[in-house]
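**Q** Below you'll find the structure I mean.
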Amino acid sequence: MSPDSEHHDPRSVVDDADADAEAGVFRALADPTRRQILADLREGELAAGEIAGRFSISAPSISRHLGVLKSAGLVTERREGNRILYSLVEDRLAASVGRFLSAVCPEQIVLRRTKWRDKGAAS
């Protein structure tokens with residue numbers, strides 16, 4: 001048995017495609033401009049020009065950031081006439097970050113759920 005296989009947990013096996021997809025999400029989240037774009041999209045769908053107008057960097061730079069977010073599956077785009085409209089893919093973001101948190105600090109997930117339930121009962 002090799003040293004690597006001694007610590008191998010078969011429950012943690014993720015195929016390469018899933019691992020690459022997860023890595024893409026975290027690479028996309030690494031940049032503060034992209035995180036701000038996601039936060040802005042939380043309010044709803046925005047046109048590419050509206051997104052670009054919120055930043056002091058060039059429109060082509062914003063376009064590249066949007067491309068990274070789209071490749072990571074964190075935003076979707078649709079065309080409306082000559083405009084491109086972007087929307088947040090909340091489920092993708094929540095699932096990716098949630099899986100990471102569940103693996104790294106599962107007790108925090110339980111604590112958060114308990115706090116949410118307690119808040120709901122107090123209301």
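A note on labels: chains of the structure tokens are A, B, ... as shown, every chain counts residues from 1, and ligands are counted from 1 in their shown order.
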List the neighbours of A:Ala28 out to 7 Å using only C-alpha atoms; skip same-chain residues closer than 6 positions along the sequence, and give me the result as a list in words.
**A**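 The filter keeps Arg34, Val68, Leu69 and Ala72 of chain A.
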**Q** Could you check which of A:Ala48, A:Ile37, A:Ala30, A:Ala94 is closest to A:Pro60, using only C-alpha atoms?
**A** A:Ala48
**Q** Within 9 Å of A:Arg83, counting only C-alpha atoms, which residues qualify if same-chain residues fewer than 3 places away don't, as JSON, numbers by chain?
**A** {"A": [47, 48, 49, 78, 79, 80]}
**Q** Quick one: everything within 8 Å of A:Gly44, counting only C-alpha atoms, minus sequence neighbours fewer than 2 positions away in the same chain. Send it as a list in words.
**A** Asp40, Leu41, Arg42, Leu46, Ser87 and Leu88 of chain A
**Q** How would the residues just chosen look if you wrote them out with all heavy atoms as an mmCIF file, in the first residue's frame?
**A**
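Output below, filename again.cif:
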data_model
loop_
_atom_site.group_PDB
_atom_site.id
_atom_site.type_symbol
_atom_site.label_atom_id
_atom_site.label_comp_id
_atom_site.auth_asym_id
_atom_site.auth_seq_id
_atom_site.Cartn_x
_atom_site.Cartn_y
_atom_site.Cartn_z
ATOM 1 N N ASP A 40 -23.568 42.759 -7.185
ATOM 2 C CA ASP A 40 -24.464 43.644 -7.933
ATOM 3 C C ASP A 40 -25.595 42.860 -8.592
ATOM 4 O O ASP A 40 -26.737 43.333 -8.643
ATOM 5 C CB ASP A 40 -23.694 44.426 -8.996
ATOM 6 C CG ASP A 40 -22.750 45.469 -8.403
ATOM 7 O OD1 ASP A 40 -22.834 45.746 -7.178
ATOM 8 O OD2 ASP A 40 -21.920 46.004 -9.155
ATOM 9 N N LEU A 41 -25.282 41.668 -9.078
ATOM 10 C CA LEU A 41 -26.298 40.849 -9.738
ATOM 11 C C LEU A 41 -27.293 40.243 -8.748
ATOM 12 O O LEU A 41 -28.357 39.778 -9.145
ATOM 13 C CB LEU A 41 -25.645 39.748 -10.574
ATOM 14 C CG LEU A 41 -24.930 40.231 -11.835
ATOM 15 C CD1 LEU A 41 -24.154 39.091 -12.479
ATOM 16 C CD2 LEU A 41 -25.912 40.853 -12.820
ATOM 17 N N ARG A 42 -26.969 40.302 -7.487
ATOM 18 C CA ARG A 42 -27.893 39.822 -6.456
ATOM 19 C C ARG A 42 -29.210 40.597 -6.520
ATOM 20 O O ARG A 42 -30.274 40.076 -6.244
ATOM 21 C CB ARG A 42 -27.218 39.987 -5.092
ATOM 22 C CG ARG A 42 -28.061 39.579 -3.910
ATOM 23 C CD ARG A 42 -27.349 39.854 -2.604
ATOM 24 N NE ARG A 42 -27.014 41.273 -2.530
ATOM 25 C CZ ARG A 42 -25.943 41.761 -1.936
ATOM 26 N NH1 ARG A 42 -25.064 40.975 -1.377
ATOM 27 N NH2 ARG A 42 -25.730 43.063 -1.886
ATOM 28 N N LEU A 46 -28.715 42.458 -14.983
ATOM 29 C CA LEU A 46 -28.125 43.719 -15.430
ATOM 30 C C LEU A 46 -27.532 43.545 -16.826
ATOM 31 O O LEU A 46 -26.985 42.490 -17.151
ATOM 32 C CB LEU A 46 -27.013 44.168 -14.491
ATOM 33 C CG LEU A 46 -27.400 44.635 -13.090
ATOM 34 C CD1 LEU A 46 -26.157 44.821 -12.224
ATOM 35 C CD2 LEU A 46 -28.201 45.920 -13.162
ATOM 36 N N SER A 87 -27.295 37.407 -15.344
ATOM 37 C CA SER A 87 -28.003 37.045 -14.120
ATOM 38 C C SER A 87 -27.107 36.158 -13.267
ATOM 39 O O SER A 87 -26.326 35.357 -13.788
ATOM 40 C CB SER A 87 -29.278 36.258 -14.428
ATOM 41 O OG SER A 87 -30.171 37.024 -15.166
ATOM 42 N N LEU A 88 -27.269 36.272 -11.981
ATOM 43 C CA LEU A 88 -26.552 35.443 -11.016
ATOM 44 C C LEU A 88 -27.160 34.045 -10.996
ATOM 45 O O LEU A 88 -28.379 33.892 -11.019
ATOM 46 C CB LEU A 88 -26.672 36.090 -9.627
ATOM 47 C CG LEU A 88 -26.057 35.364 -8.445
ATOM 48 C CD1 LEU A 88 -24.543 35.269 -8.607
ATOM 49 C CD2 LEU A 88 -26.400 36.118 -7.163
#
**Q** Do you know which residues are at most 10 Å from A:Ser61 counting only C-alpha atoms, after dropping those on the same chain fewer than 6 positions away, and could you put them as a list in words?
**A**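 Residues meeting the cut-off are Thr33, Ala52, Phe55 and Gly67 of chain A.
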**Q** Could you state the separation of atom CA of A:Val75 and atom CA of A:Leu38 in Å, given to one decimal place?
**A**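 Distance reported for this atom pair: 8.0 Å.
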**Q** Between atom CA of A:Glu50 and atom CA of A:His65, what is the distance in Å, rounded to a tenth?
**A**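 Result for atom CA of A:Glu50 versus atom CA of A:His65: 14.0 Å, one decimal.
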**Q** From the list A:Ile62, A:Ala19, A:Val25, A:Leu85, which residue is nearest A:Val97 when using only C-alpha atoms?
**A**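 Using only C-alpha atoms, the shortest distance to A:Val97 belongs to A:Val25.
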**Q** Restricting the calculation to only C-alpha atoms: of A:Glu90, A:Glu77, A:Asp31, A:Asp18, which residue gets closest to A:Glu43?
**A**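 Looking only at the distances to A:Glu43, the closest residue turns out to be A:Glu90.
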**Q** Extract, using only C-alpha atoms, all DNA, RNA and protein residues at most 12 Å from A:Ala95, discarding same-chain residues fewer than 5 positions from it, and format them as a PDB file with all heavy atoms, in the first residue's frame.
**A**
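Output saved as selection.pdb:
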ATOM      1  N   ALA A  21     -14.392  22.006 -12.212  1.00  0.00           N
ATOM      2  CA  ALA A  21     -15.511  22.945 -12.126  1.00  0.00           C
ATOM      3  C   ALA A  21     -15.481  23.689 -10.796  1.00  0.00           C
ATOM      4  O   ALA A  21     -15.681  24.910 -10.754  1.00  0.00           O
ATOM      5  CB  ALA A  21     -16.837  22.209 -12.301  1.00  0.00           C
ATOM      6  N   GLU A  22     -15.225  22.967  -9.718  1.00  0.00           N
ATOM      7  CA  GLU A  22     -15.145  23.606  -8.403  1.00  0.00           C
ATOM      8  C   GLU A  22     -13.973  24.590  -8.364  1.00  0.00           C
ATOM      9  O   GLU A  22     -14.111  25.689  -7.840  1.00  0.00           O
ATOM     10  CB  GLU A  22     -14.970  22.556  -7.302  1.00  0.00           C
ATOM     11  CG  GLU A  22     -16.185  21.697  -7.087  1.00  0.00           C
ATOM     12  CD  GLU A  22     -17.351  22.447  -6.467  1.00  0.00           C
ATOM     13  OE1 GLU A  22     -17.162  23.099  -5.435  1.00  0.00           O
ATOM     14  OE2 GLU A  22     -18.453  22.367  -7.033  1.00  0.00           O
ATOM     15  N   VAL A  25     -14.858  27.858  -9.966  1.00  0.00           N
ATOM     16  CA  VAL A  25     -15.674  28.730  -9.122  1.00  0.00           C
ATOM     17  C   VAL A  25     -14.778  29.522  -8.180  1.00  0.00           C
ATOM     18  O   VAL A  25     -14.908  30.744  -8.057  1.00  0.00           O
ATOM     19  CB  VAL A  25     -16.716  27.911  -8.328  1.00  0.00           C
ATOM     20  CG1 VAL A  25     -17.367  28.754  -7.234  1.00  0.00           C
ATOM     21  CG2 VAL A  25     -17.770  27.350  -9.266  1.00  0.00           C
ATOM     22  N   GLY A  73     -19.821  29.128 -14.366  1.00  0.00           N
ATOM     23  CA  GLY A  73     -21.219  28.796 -14.143  1.00  0.00           C
ATOM     24  C   GLY A  73     -21.893  29.661 -13.092  1.00  0.00           C
ATOM     25  O   GLY A  73     -22.968  29.325 -12.604  1.00  0.00           O
ATOM     26  N   LEU A  74     -21.275  30.791 -12.761  1.00  0.00           N
ATOM     27  CA  LEU A  74     -21.825  31.666 -11.719  1.00  0.00           C
ATOM     28  C   LEU A  74     -22.788  32.710 -12.262  1.00  0.00           C
ATOM     29  O   LEU A  74     -23.548  33.300 -11.497  1.00  0.00           O
ATOM     30  CB  LEU A  74     -20.686  32.345 -10.959  1.00  0.00           C
ATOM     31  CG  LEU A  74     -19.787  31.383 -10.182  1.00  0.00           C
ATOM     32  CD1 LEU A  74     -18.592  32.127  -9.584  1.00  0.00           C
ATOM     33  CD2 LEU A  74     -20.571  30.657  -9.103  1.00  0.00           C
ATOM     34  N   VAL A  89     -26.304  33.032 -10.936  1.00  0.00           N
ATOM     35  CA  VAL A  89     -26.752  31.653 -10.770  1.00  0.00           C
ATOM     36  C   VAL A  89     -26.529  31.312  -9.298  1.00  0.00           C
ATOM     37  O   VAL A  89     -25.488  30.767  -8.924  1.00  0.00           O
ATOM     38  CB  VAL A  89     -26.005  30.677 -11.706  1.00  0.00           C
ATOM     39  CG1 VAL A  89     -26.511  29.244 -11.523  1.00  0.00           C
ATOM     40  CG2 VAL A  89     -26.139  31.111 -13.153  1.00  0.00           C
ATOM     41  N   GLU A  90     -27.505  31.687  -8.476  1.00  0.00           N
ATOM     42  CA  GLU A  90     -27.363  31.552  -7.027  1.00  0.00           C
ATOM     43  C   GLU A  90     -27.116  30.114  -6.596  1.00  0.00           C
ATOM     44  O   GLU A  90     -26.303  29.858  -5.703  1.00  0.00           O
ATOM     45  CB  GLU A  90     -28.605  32.096  -6.325  1.00  0.00           C
ATOM     46  CG  GLU A  90     -28.759  33.585  -6.472  1.00  0.00           C
ATOM     47  CD  GLU A  90     -30.038  34.101  -5.826  1.00  0.00           C
ATOM     48  OE1 GLU A  90     -30.683  33.355  -5.063  1.00  0.00           O
ATOM     49  OE2 GLU A  90     -30.375  35.259  -6.099  1.00  0.00           O
ATOM     50  N   PHE A 100     -17.673  23.072  -0.178  1.00  0.00           N
ATOM     51  CA  PHE A 100     -16.359  23.355   0.406  1.00  0.00           C
ATOM     52  C   PHE A 100     -16.475  23.505   1.922  1.00  0.00           C
ATOM     53  O   PHE A 100     -15.713  22.901   2.675  1.00  0.00           O
ATOM     54  CB  PHE A 100     -15.773  24.626  -0.219  1.00  0.00           C
ATOM     55  CG  PHE A 100     -14.488  25.053   0.425  1.00  0.00           C
ATOM     56  CD1 PHE A 100     -13.313  24.374   0.165  1.00  0.00           C
ATOM     57  CD2 PHE A 100     -14.461  26.122   1.300  1.00  0.00           C
ATOM     58  CE1 PHE A 100     -12.124  24.755   0.768  1.00  0.00           C
ATOM     59  CE2 PHE A 100     -13.280  26.509   1.906  1.00  0.00           C
ATOM     60  CZ  PHE A 100     -12.112  25.823   1.641  1.00  0.00           C
ATOM     61  N   LEU A 101     -17.431  24.291   2.381  1.00  0.00           N
ATOM     62  CA  LEU A 101     -17.601  24.493   3.821  1.00  0.00           C
ATOM     63  C   LEU A 101     -17.950  23.200   4.534  1.00  0.00           C
ATOM     64  O   LEU A 101     -17.463  22.939   5.634  1.00  0.00           O
ATOM     65  CB  LEU A 101     -18.672  25.547   4.091  1.00  0.00           C
ATOM     66  CG  LEU A 101     -18.297  26.979   3.740  1.00  0.00           C
ATOM     67  CD1 LEU A 101     -19.489  27.900   3.941  1.00  0.00           C
ATOM     68  CD2 LEU A 101     -17.106  27.444   4.560  1.00  0.00           C
ATOM     69  N   SER A 102     -18.776  22.370   3.925  1.00  0.00           N
ATOM     70  CA  SER A 102     -19.150  21.094   4.529  1.00  0.00           C
ATOM     71  C   SER A 102     -17.939  20.189   4.699  1.00  0.00           C
ATOM     72  O   SER A 102     -17.840  19.460   5.677  1.00  0.00           O
ATOM     73  CB  SER A 102     -20.188  20.379   3.672  1.00  0.00           C
ATOM     74  OG  SER A 102     -21.393  21.093   3.683  1.00  0.00           O
TER      75      SER A 102
END
